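In what follows, a structure is listed as structure tokens, so that the remarks can point back to it.
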Amino acid sequence: MASSKPILPDQAVTALQSAAEALVRAGTVTNASVGADYISMWPIESEEKAREIAAAFHAALYGLQQLHIVVPSQHGRA
């Protein structure tokens, strides 16, 4: 049975976590957490800013997912 979860390599999660940490350092959010199946940030100053951040992370997440699917993995190759 196929999983409905996105296929996301660890490197992609690391990139998203780095972006979330940058938002914390910049003071845009106070707390942020990224896992294999979630992204959580709070508080965000306005709905407009929350939508902007969500759109950027959505684009990154699904762009990285598509890239991972399309580009052959070098893992395990000699």
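Following the order of the structure tokens, first chain is A, next is B, and so on, with residues numbered from 1 inside each chain and ligands from 1 in the order they appear.
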Among chain A, which residues does DSSP mark as strand (DSSP E) when it is run on the backbone? Keep the chain and numbering as in the structure and answer as an mmCIF file with N, CA, C and O atoms, in the first residue's frame.
data_model
loop_
_atom_site.group_PDB
_atom_site.id
_atom_site.type_symbol
_atom_site.label_atom_id
_atom_site.label_comp_id
_atom_site.auth_asym_id
_atom_site.auth_seq_id
_atom_site.Cartn_x
_atom_site.Cartn_y
_atom_site.Cartn_z
ATOM 1 N N ASN A 31 8.814 30.771 18.198
ATOM 2 C CA ASN A 31 9.066 29.331 18.203
ATOM 3 C C ASN A 31 8.800 28.760 16.822
ATOM 4 O O ASN A 31 7.854 29.174 16.148
ATOM 5 N N ALA A 32 9.626 27.787 16.429
ATOM 6 C CA ALA A 32 9.430 27.103 15.153
ATOM 7 C C ALA A 32 9.969 25.692 15.265
ATOM 8 O O ALA A 32 10.981 25.458 15.922
ATOM 9 N N SER A 33 9.267 24.777 14.634
ATOM 10 C CA SER A 33 9.679 23.387 14.650
ATOM 11 C C SER A 33 9.308 22.756 13.315
ATOM 12 O O SER A 33 8.215 22.979 12.795
ATOM 13 N N VAL A 34 10.212 21.972 12.770
ATOM 14 C CA VAL A 34 9.975 21.284 11.501
ATOM 15 C C VAL A 34 10.298 19.815 11.710
ATOM 16 O O VAL A 34 11.340 19.469 12.243
ATOM 17 N N GLY A 35 9.392 18.961 11.285
ATOM 18 C CA GLY A 35 9.612 17.524 11.333
ATOM 19 C C GLY A 35 9.329 16.922 9.974
ATOM 20 O O GLY A 35 9.003 17.639 9.019
ATOM 21 N N TYR A 38 5.458 17.693 9.620
ATOM 22 C CA TYR A 38 4.796 18.902 10.128
ATOM 23 C C TYR A 38 5.740 20.102 10.101
ATOM 24 O O TYR A 38 6.955 19.959 10.075
ATOM 25 N N ILE A 39 5.144 21.283 10.082
ATOM 26 C CA ILE A 39 5.851 22.553 10.248
ATOM 27 C C ILE A 39 4.998 23.376 11.191
ATOM 28 O O ILE A 39 3.802 23.541 10.972
ATOM 29 N N SER A 40 5.589 23.870 12.270
ATOM 30 C CA SER A 40 4.839 24.637 13.263
ATOM 31 C C SER A 40 5.629 25.891 13.634
ATOM 32 O O SER A 40 6.820 25.808 13.921
ATOM 33 N N MET A 41 4.945 27.040 13.615
ATOM 34 C CA MET A 41 5.571 28.314 13.999
ATOM 35 C C MET A 41 4.559 29.173 14.721
ATOM 36 O O MET A 41 3.393 29.206 14.346
ATOM 37 N N TRP A 42 5.034 29.897 15.731
ATOM 38 C CA TRP A 42 4.153 30.791 16.468
ATOM 39 C C TRP A 42 4.948 31.750 17.306
ATOM 40 O O TRP A 42 6.112 31.473 17.564
#
Next on the checklist: For Val29 (chain A), find every residue with an atom within 6 Å (counting only C-alpha atoms), except residues of its own chain fewer than 3 positions away, and show them as an NGL selection string.
Outcome noted: :A and (23-24 or 42-44)
Keeping N, CA, C and O atoms, export the residues of the selection given above as a tab-separated table (two decimals), in the first residue's frame.
chain	number	residue	atom	x	y	z
A	23	LEU	N	13.95	32.40	10.80
A	23	LEU	CA	12.80	33.22	11.18
A	23	LEU	C	12.80	33.51	12.68
A	23	LEU	O	12.43	34.60	13.12
A	24	VAL	N	13.22	32.55	13.48
A	24	VAL	CA	13.32	32.76	14.93
A	24	VAL	C	14.42	33.78	15.24
A	24	VAL	O	14.21	34.73	15.99
A	42	TRP	N	5.03	29.90	15.73
A	42	TRP	CA	4.15	30.79	16.47
A	42	TRP	C	4.95	31.75	17.31
A	42	TRP	O	6.11	31.47	17.56
A	43	PRO	N	4.41	32.83	17.79
A	43	PRO	CA	3.28	33.55	17.18
A	43	PRO	C	3.77	34.29	15.95
A	43	PRO	O	4.95	34.60	15.81
A	44	ILE	N	2.85	34.58	15.05
A	44	ILE	CA	3.14	35.34	13.84
A	44	ILE	C	2.30	36.60	13.91
A	44	ILE	O	1.12	36.56	14.24
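Of the residues listed (A:Val70, A:Leu64, A:Thr28, A:Ala20), A:Thr28 shows the shortest atom-to-atom separation from Lys49 (chain A); distances use only C-alpha atoms.
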Next on the checklist: From the options A:Ala36, A:Ala55, A:Glu47, A:Gly63, which residue's atoms come nearest to Gln17 (chain A), counting only C-alpha atoms?
Outcome noted: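 Distance minimum relative to Gln17 (chain A) lands on A:Ala36.
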Item to check | Among listed residues A:Gln65, A:Thr14, A:Ala22, A:Thr30, nearest Glu45 (chain A) (using only C-alpha atoms) | outcome: A:Thr30
